[in-house]
$ cat protein.cif   # mmCIF, C-alpha atoms
data_protein
#
loop_
_atom_site.group_PDB
_atom_site.id
_atom_site.type_symbol
_atom_site.label_atom_id
_atom_site.label_comp_id
_atom_site.auth_asym_id
_atom_site.auth_seq_id
_atom_site.Cartn_x
_atom_site.Cartn_y
_atom_site.Cartn_z
ATOM 1 C CA MET D 1 -17.411 2.494 4.434
ATOM 2 C CA GLU D 2 -16.142 -0.182 2.039
ATOM 3 C CA THR D 3 -17.475 -3.704 2.284
ATOM 4 C CA PRO D 4 -14.949 -6.080 3.868
ATOM 5 C CA ASP D 5 -13.781 -8.172 0.994
ATOM 6 C CA LEU D 6 -10.334 -9.751 1.384
ATOM 7 C CA THR D 7 -9.143 -12.217 3.990
ATOM 8 C CA ILE D 8 -5.977 -11.425 5.881
ATOM 9 C CA ARG D 9 -4.037 -13.971 3.813
ATOM 10 C CA GLU D 10 -5.446 -12.640 0.535
ATOM 11 C CA THR D 11 -4.484 -9.109 1.584
ATOM 12 C CA ALA D 12 -0.947 -10.291 2.320
ATOM 13 C CA ALA D 13 -0.624 -12.192 -0.967
ATOM 14 C CA LEU D 14 -1.910 -9.273 -3.029
ATOM 15 C CA SER D 15 0.267 -6.763 -1.149
ATOM 16 C CA GLY D 16 3.440 -8.792 -1.415
ATOM 17 C CA VAL D 17 3.967 -8.909 2.357
ATOM 18 C CA ALA D 18 3.969 -11.802 4.819
ATOM 19 C CA SER D 19 0.655 -12.604 6.484
ATOM 20 C CA THR D 20 2.392 -12.011 9.831
ATOM 21 C CA VAL D 21 2.827 -8.351 8.832
ATOM 22 C CA VAL D 22 -0.918 -8.040 8.224
ATOM 23 C CA GLU D 23 -1.714 -9.922 11.454
ATOM 24 C CA LYS D 24 0.579 -7.646 13.464
ATOM 25 C CA THR D 25 -1.121 -4.566 12.016
ATOM 26 C CA VAL D 26 -4.532 -5.986 12.893
ATOM 27 C CA GLN D 27 -3.420 -6.945 16.415
ATOM 28 C CA SER D 28 -2.025 -3.464 17.019
ATOM 29 C CA GLY D 29 -5.392 -1.944 16.095
ATOM 30 C CA ILE D 30 -4.171 0.058 13.100
ATOM 31 C CA ILE D 31 -6.592 -1.730 10.771
ATOM 32 C CA VAL D 32 -9.708 -3.277 12.259
ATOM 33 C CA PRO D 33 -11.038 -6.338 10.421
ATOM 34 C CA HIS D 34 -14.701 -7.212 10.104
ATOM 35 C CA ALA D 35 -15.975 -10.694 10.868
ATOM 36 C CA ALA D 36 -18.198 -12.221 8.211
ATOM 37 C CA PRO D 37 -19.132 -15.732 7.108
ATOM 38 C CA ALA D 38 -16.236 -17.631 5.567
ATOM 39 C CA LEU D 39 -16.600 -18.178 1.850
ATOM 40 C CA PHE D 40 -16.388 -21.971 1.813
ATOM 41 C CA ARG D 41 -15.687 -23.630 5.136
ATOM 42 C CA GLY D 42 -18.490 -22.365 7.320
ATOM 43 C CA GLY D 43 -17.911 -20.360 10.452
ATOM 44 C CA SER D 44 -16.611 -16.837 10.142
ATOM 45 C CA THR D 45 -13.356 -15.181 9.227
ATOM 46 C CA ARG D 46 -11.836 -11.722 9.311
ATOM 47 C CA TYR D 47 -11.998 -9.537 6.239
ATOM 48 C CA LEU D 48 -10.222 -6.317 5.332
ATOM 49 C CA PRO D 49 -11.193 -3.744 2.714
ATOM 50 C CA ALA D 50 -9.261 -3.790 -0.562
ATOM 51 C CA ARG D 51 -7.694 -0.472 0.496
ATOM 52 C CA ALA D 52 -5.549 -2.454 2.927
ATOM 53 C CA VAL D 53 -3.616 -3.711 -0.106
ATOM 54 C CA VAL D 54 -2.741 -0.073 -0.890
ATOM 55 C CA TYR D 55 -1.537 0.458 2.672
ATOM 56 C CA PHE D 56 0.707 -2.616 2.859
ATOM 57 C CA HIS D 57 2.060 -2.406 -0.676
ATOM 58 C CA ALA D 58 2.884 1.322 -0.441
ATOM 59 C CA LEU D 59 4.677 0.870 2.898
ATOM 60 C CA LYS D 60 6.687 -2.025 1.483
ATOM 61 C CA ALA D 61 7.522 -0.211 -1.774
ATOM 62 C CA ALA D 62 8.692 2.872 0.147
ATOM 63 C CA ASP D 63 10.591 0.700 2.649
ATOM 64 C CA LEU D 64 8.678 2.228 5.566
ATOM 65 C CA ALA D 65 7.758 -0.934 7.464
ATOM 66 C CA ASP D 66 9.498 0.327 10.616
ATOM 67 C CA LEU D 67 7.484 3.534 10.985
ATOM 68 C CA PRO D 68 6.133 4.292 14.466
ATOM 69 C CA ARG D 69 2.579 3.107 15.061
ATOM 70 C CA ARG D 70 1.159 6.643 15.192
ATOM 71 C CA HIS D 71 2.459 7.322 11.669
ATOM 72 C CA LYS D 72 1.027 4.041 10.387
ATOM 73 C CA ARG D 73 -2.336 4.964 11.901
ATOM 74 C CA ALA D 74 -2.164 8.366 10.235
ATOM 75 C CA ILE D 75 -1.465 6.751 6.854
ATOM 76 C CA TRP D 76 -4.358 4.304 7.256
ATOM 77 C CA SER D 77 -6.656 7.125 8.341
ATOM 78 C CA ARG D 78 -5.778 9.129 5.219
ATOM 79 C CA ILE D 79 -6.277 6.071 2.989
ATOM 80 C CA THR D 80 -9.741 5.390 4.389
ATOM 81 C CA GLY D 81 -10.704 9.015 3.762
ATOM 82 C CA MET D 82 -9.652 9.034 0.105
ATOM 83 C CA GLU D 83 -11.798 8.286 -2.894
ATOM 84 C CA PRO D 84 -10.795 4.792 -4.029
ATOM 85 C CA MET D 85 -9.250 5.675 -7.373
ATOM 86 C CA ARG D 86 -7.737 8.999 -6.305
ATOM 87 C CA LEU D 87 -4.575 7.681 -4.768
ATOM 88 C CA GLY D 88 -1.815 10.204 -4.337
ATOM 89 C CA PRO D 89 0.662 11.461 -1.767
ATOM 90 C CA VAL D 90 -0.477 11.544 1.865
ATOM 91 C CA GLU D 91 1.221 13.481 4.616
ATOM 92 C CA PHE D 92 1.465 11.341 7.753
ATOM 93 C CA ALA D 93 3.744 13.636 9.773
ATOM 94 C CA PRO D 94 4.904 17.231 9.257
ATOM 95 C CA GLY D 95 7.063 17.157 6.126
ATOM 96 C CA ALA D 96 6.749 13.371 5.665
ATOM 97 C CA THR D 97 4.656 11.965 2.830
ATOM 98 C CA LEU D 98 3.963 8.566 1.313
ATOM 99 C CA ASP D 99 3.011 8.344 -2.350
ATOM 100 C CA LEU D 100 0.116 5.898 -2.584
ATOM 101 C CA ASN D 101 0.504 5.783 -6.348
ATOM 102 C CA LEU D 102 3.142 3.161 -5.530
ATOM 103 C CA ALA D 103 0.205 0.816 -4.931
ATOM 104 C CA HIS D 104 -2.248 1.984 -7.593
ATOM 105 C CA ILE D 105 -1.721 -1.087 -9.781
ATOM 106 C CA GLN D 106 -1.968 -3.460 -6.785
ATOM 107 C CA PHE D 107 -5.278 -1.864 -5.806
ATOM 108 C CA GLY D 108 -6.658 -2.611 -9.265
ATOM 109 C CA ILE D 109 -5.330 -6.165 -9.096
ATOM 110 C CA ALA D 110 -6.930 -6.632 -5.657
ATOM 111 C CA ASN D 111 -10.321 -5.455 -6.885
ATOM 112 C CA GLY D 112 -10.043 -7.587 -10.020
ATOM 113 C CA TYR D 113 -9.090 -10.610 -7.942
ATOM 114 C CA ARG D 114 -12.014 -10.121 -5.556
ATOM 115 C CA GLU D 115 -14.479 -9.892 -8.431
ATOM 116 C CA ALA D 116 -12.989 -12.939 -10.183
ATOM 117 C CA ARG D 117 -12.847 -14.920 -6.926
ATOM 118 C CA ASP D 118 -16.516 -14.234 -6.240
ATOM 119 C CA ARG D 119 -17.483 -15.088 -9.804
ATOM 120 C CA TYR D 120 -15.293 -18.108 -10.576
ATOM 121 C CA ILE D 121 -14.134 -19.839 -7.375
ATOM 122 C CA LYS D 122 -16.794 -22.123 -5.942
ATOM 123 C CA SER D 123 -17.044 -24.890 -3.394
ATOM 124 C CA ASN D 124 -19.663 -27.632 -3.421
ATOM 125 C CA PRO D 125 -19.513 -30.603 -1.038
ATOM 126 C CA GLU D 126 -20.609 -32.837 -3.940
ATOM 127 C CA ILE D 127 -17.674 -31.765 -6.142
ATOM 128 C CA LEU D 128 -14.291 -33.039 -4.942
ATOM 129 C CA GLY D 129 -15.557 -33.045 -1.354
ATOM 130 C CA GLY D 130 -15.918 -29.272 -1.253
ATOM 131 C CA THR D 131 -12.401 -28.424 -2.443
ATOM 132 C CA PRO D 132 -12.591 -24.986 -4.105
ATOM 133 C CA VAL D 133 -12.718 -25.334 -7.887
ATOM 134 C CA ILE D 134 -13.112 -23.086 -10.901
ATOM 135 C CA ASP D 135 -16.863 -22.718 -11.422
ATOM 136 C CA GLY D 136 -18.325 -25.047 -14.020
ATOM 137 C CA THR D 137 -15.319 -27.378 -13.877
ATOM 138 C CA ARG D 138 -13.732 -29.935 -11.601
ATOM 139 C CA ILE D 139 -10.401 -28.091 -11.704
ATOM 140 C CA PRO D 140 -9.217 -27.558 -8.108
ATOM 141 C CA VAL D 141 -7.583 -24.221 -7.365
ATOM 142 C CA TYR D 142 -4.662 -26.134 -5.843
ATOM 143 C CA ALA D 143 -4.055 -27.965 -9.121
ATOM 144 C CA VAL D 144 -3.832 -24.613 -10.901
ATOM 145 C CA LEU D 145 -1.307 -23.335 -8.353
ATOM 146 C CA GLY D 146 0.701 -26.560 -8.548
ATOM 147 C CA ARG D 147 0.986 -26.410 -12.322
ATOM 148 C CA LEU D 148 1.968 -22.742 -12.280
ATOM 149 C CA ARG D 149 4.609 -23.323 -9.608
ATOM 150 C CA HIS D 150 6.047 -26.202 -11.602
ATOM 151 C CA GLY D 151 6.635 -24.335 -14.837
ATOM 152 C CA ASP D 152 3.333 -24.009 -16.649
ATOM 153 C CA THR D 153 2.064 -20.552 -17.570
ATOM 154 C CA ILE D 154 -1.432 -19.135 -17.516
ATOM 155 C CA GLU D 155 -1.359 -19.456 -21.310
ATOM 156 C CA ASP D 156 -0.492 -23.167 -21.004
ATOM 157 C CA LEU D 157 -3.476 -23.703 -18.730
ATOM 158 C CA HIS D 158 -5.732 -21.646 -20.990
ATOM 159 C CA ASP D 159 -4.598 -23.737 -23.981
ATOM 160 C CA ASP D 160 -5.476 -26.919 -22.043
ATOM 161 C CA TYR D 161 -8.817 -25.479 -20.900
ATOM 162 C CA PRO D 162 -9.884 -22.874 -23.495
ATOM 163 C CA HIS D 163 -13.351 -22.600 -21.922
ATOM 164 C CA VAL D 164 -11.812 -21.319 -18.661
ATOM 165 C CA PRO D 165 -11.244 -17.538 -18.649
ATOM 166 C CA ARG D 166 -7.744 -16.293 -17.823
ATOM 167 C CA ASP D 167 -9.209 -14.266 -14.931
ATOM 168 C CA ALA D 168 -10.507 -17.497 -13.411
ATOM 169 C CA ILE D 169 -7.053 -19.081 -13.660
ATOM 170 C CA ARG D 170 -5.403 -16.042 -12.047
ATOM 171 C CA ALA D 171 -8.024 -15.969 -9.270
ATOM 172 C CA ALA D 172 -7.527 -19.701 -8.638
ATOM 173 C CA GLU D 173 -3.768 -19.185 -8.346
ATOM 174 C CA ILE D 174 -4.074 -16.335 -5.819
ATOM 175 C CA TYR D 175 -6.836 -18.061 -3.857
ATOM 176 C CA ALA D 176 -4.855 -21.303 -3.554
ATOM 177 C CA ALA D 177 -1.690 -19.459 -2.500
ATOM 178 C CA ALA D 178 -3.591 -17.448 0.113
ATOM 179 C CA HIS D 179 -5.553 -20.451 1.418
ATOM 180 C CA PRO D 180 -3.146 -23.402 1.444
ATOM 181 C CA LEU D 181 -4.393 -26.909 2.036
ATOM 182 C CA ARG D 182 -4.053 -28.138 5.583
ATOM 183 C CA GLY D 183 -2.479 -31.430 6.503
ATOM 184 C CA ARG D 184 0.031 -33.538 4.653
ATOM 185 C CA PRO D 185 0.057 -33.331 0.868
ATOM 186 C CA SER D 186 -0.920 -36.491 -0.951
ATOM 187 C CA GLY D 187 1.021 -36.934 -4.134
ATOM 188 C CA ARG D 188 0.951 -34.256 -6.777
ATOM 189 C CA PRO D 189 -2.682 -33.149 -7.242
ATOM 190 C CA TRP D 190 -1.874 -30.900 -10.183
ATOM 191 C CA HIS D 191 -1.208 -33.914 -12.406
ATOM 192 C CA ARG D 192 -4.867 -34.922 -12.439
ATOM 193 C CA MET D 193 -7.328 -32.295 -13.542
ATOM 194 C CA ASP D 194 -10.729 -33.853 -14.208
#

$ encode --input "protein.cif" --output "structure tokens"
Amino acid sequence: METPDLTIRETAALSGVASTVVEKTVQSGIIVPHAAPALFRGGSTRYLPARAVVYFHALKAADLADLPRRHKRAIWSRITGMEPMRLGPVEFAPGATLDLNLAHIQFGIANGYREARDRYIKSNPEILGGTPVIDGTRIPVYAVLGRLRHGDTIEDLHDDYPHVPRDAIRAAEIYAAAHPLRGRPSGRPWHRMD
């Protein structure tokens, strides 16, 4: 069995679906999450295997979101039984198949994100009060997301911070989008990057 590695919100962001779609699938028992310690805030959270990105992205790409629950369970069952990099067509009902190659690239992106997140995104209560930052810097993940949403590119950020790997910038963007700040925003935090 794969190690649980993506939060529900990360799975949604990497799949290109709303987090409510992932939540509904979890609540219906099609995919069962695993509780594990939260990365930065203490307590625990629910994690899904990276294969869940394949499931959600392939269903969305094939426009099969309205399949009956039994068919969705059959698809998930076939996905969990496959070798990770051997994605192909799966038959979920007699004569009905879903080509999982639709999500092959997203699966690679999900695994790359998870590795980069674990390597580069850190939280220390003594650095910016525990706000997640890119490791070895004081660059908050939310500042990265803010700059990217307001017109900067990953290359712009890399030019400003040549010591920060592009993978770290991409991981910061996805992490910040999947884990938005709570409460009212204060100003524009992406303008100050210490």

$ closest_residue --input "protein.cif" --among "D:Ala36, D:Leu48, D:Ala58, D:Val21" --to "Leu98 of chain D" --atoms "all atoms listed in the file"
D:Ala58

$ atom_distance --input "protein.cif" --atom1 "atom CA of Leu100 of chain D" --atom2 "atom CA of Ala61 of chain D"
9.6 Å

$ closest_residue --input "protein.cif" --among "D:Ser123, D:Gln27, D:Asn101, D:Thr80" --to "Ala62 of chain D" --atoms "only C-alpha atoms"
D:Asn101

$ residues_around --input "protein.cif" --residues "Gly130 of chain D" --least-positions-apart "5" --cutoff "9 Å" --atoms "only C-alpha atoms" --output "MDAnalysis selection string"
chainID D and resid 40:41 122:125

$ resolve_selection --input "protein.cif" --expression "the PyMOL selection byres ((chain D and resi 132-136) around 12)" --output "ChimeraX atom specification"
/D:39-41,116-131,137-145,161,163-173,175-176,179-181,193-194

$ closest_residue --input "protein.cif" --among "D:Arg86, D:Lys72, D:Arg78, D:Arg114" --to "Gly29 of chain D" --atoms "all atoms listed in the file"
D:Lys72

$ resolve_selection --input "protein.cif" --expression "the PyMOL selection byres ((chain D and resi 60) around 12)" --output "tab-separated table (two decimals) with C-alpha atoms, in the frame of the given file"
chain	number	residue	atom	x	y	z
D	12	ALA	CA	-0.95	-10.29	2.32
D	15	SER	CA	0.27	-6.76	-1.15
D	16	GLY	CA	3.44	-8.79	-1.42
D	17	VAL	CA	3.97	-8.91	2.36
D	18	ALA	CA	3.97	-11.80	4.82
D	21	VAL	CA	2.83	-8.35	8.83
D	22	VAL	CA	-0.92	-8.04	8.22
D	53	VAL	CA	-3.62	-3.71	-0.11
D	54	VAL	CA	-2.74	-0.07	-0.89
D	55	TYR	CA	-1.54	0.46	2.67
D	56	PHE	CA	0.71	-2.62	2.86
D	57	HIS	CA	2.06	-2.41	-0.68
D	58	ALA	CA	2.88	1.32	-0.44
D	59	LEU	CA	4.68	0.87	2.90
D	61	ALA	CA	7.52	-0.21	-1.77
D	62	ALA	CA	8.69	2.87	0.15
D	63	ASP	CA	10.59	0.70	2.65
D	64	LEU	CA	8.68	2.23	5.57
D	65	ALA	CA	7.76	-0.93	7.46
D	66	ASP	CA	9.50	0.33	10.62
D	67	LEU	CA	7.48	3.53	10.98
D	98	LEU	CA	3.96	8.57	1.31
D	99	ASP	CA	3.01	8.34	-2.35
D	100	LEU	CA	0.12	5.90	-2.58
D	102	LEU	CA	3.14	3.16	-5.53
D	103	ALA	CA	0.20	0.82	-4.93

$ atom_distance --input "protein.cif" --atom1 "atom CA of Thr97 of chain D" --atom2 "atom CA of Arg70 of chain D"
13.9 Å

$ residues_around --input "protein.cif" --residues "Ile75 of chain D" --least-positions-apart "4" --cutoff "8 Å" --atoms "all atoms listed in the file" --output "list in words"
Tyr55, His71, Ile79, Val90, Glu91, Phe92 and Leu98 of chain D

$ atom_distance --input "protein.cif" --atom1 "atom CA of Trp76 of chain D" --atom2 "atom CA of Ile31 of chain D"
7.3 Å

$ closest_residue --input "protein.cif" --among "D:Tyr47, D:Asp159, D:Ala93, D:Glu23" --to "Pro68 of chain D" --atoms "all atoms listed in the file"
D:Ala93
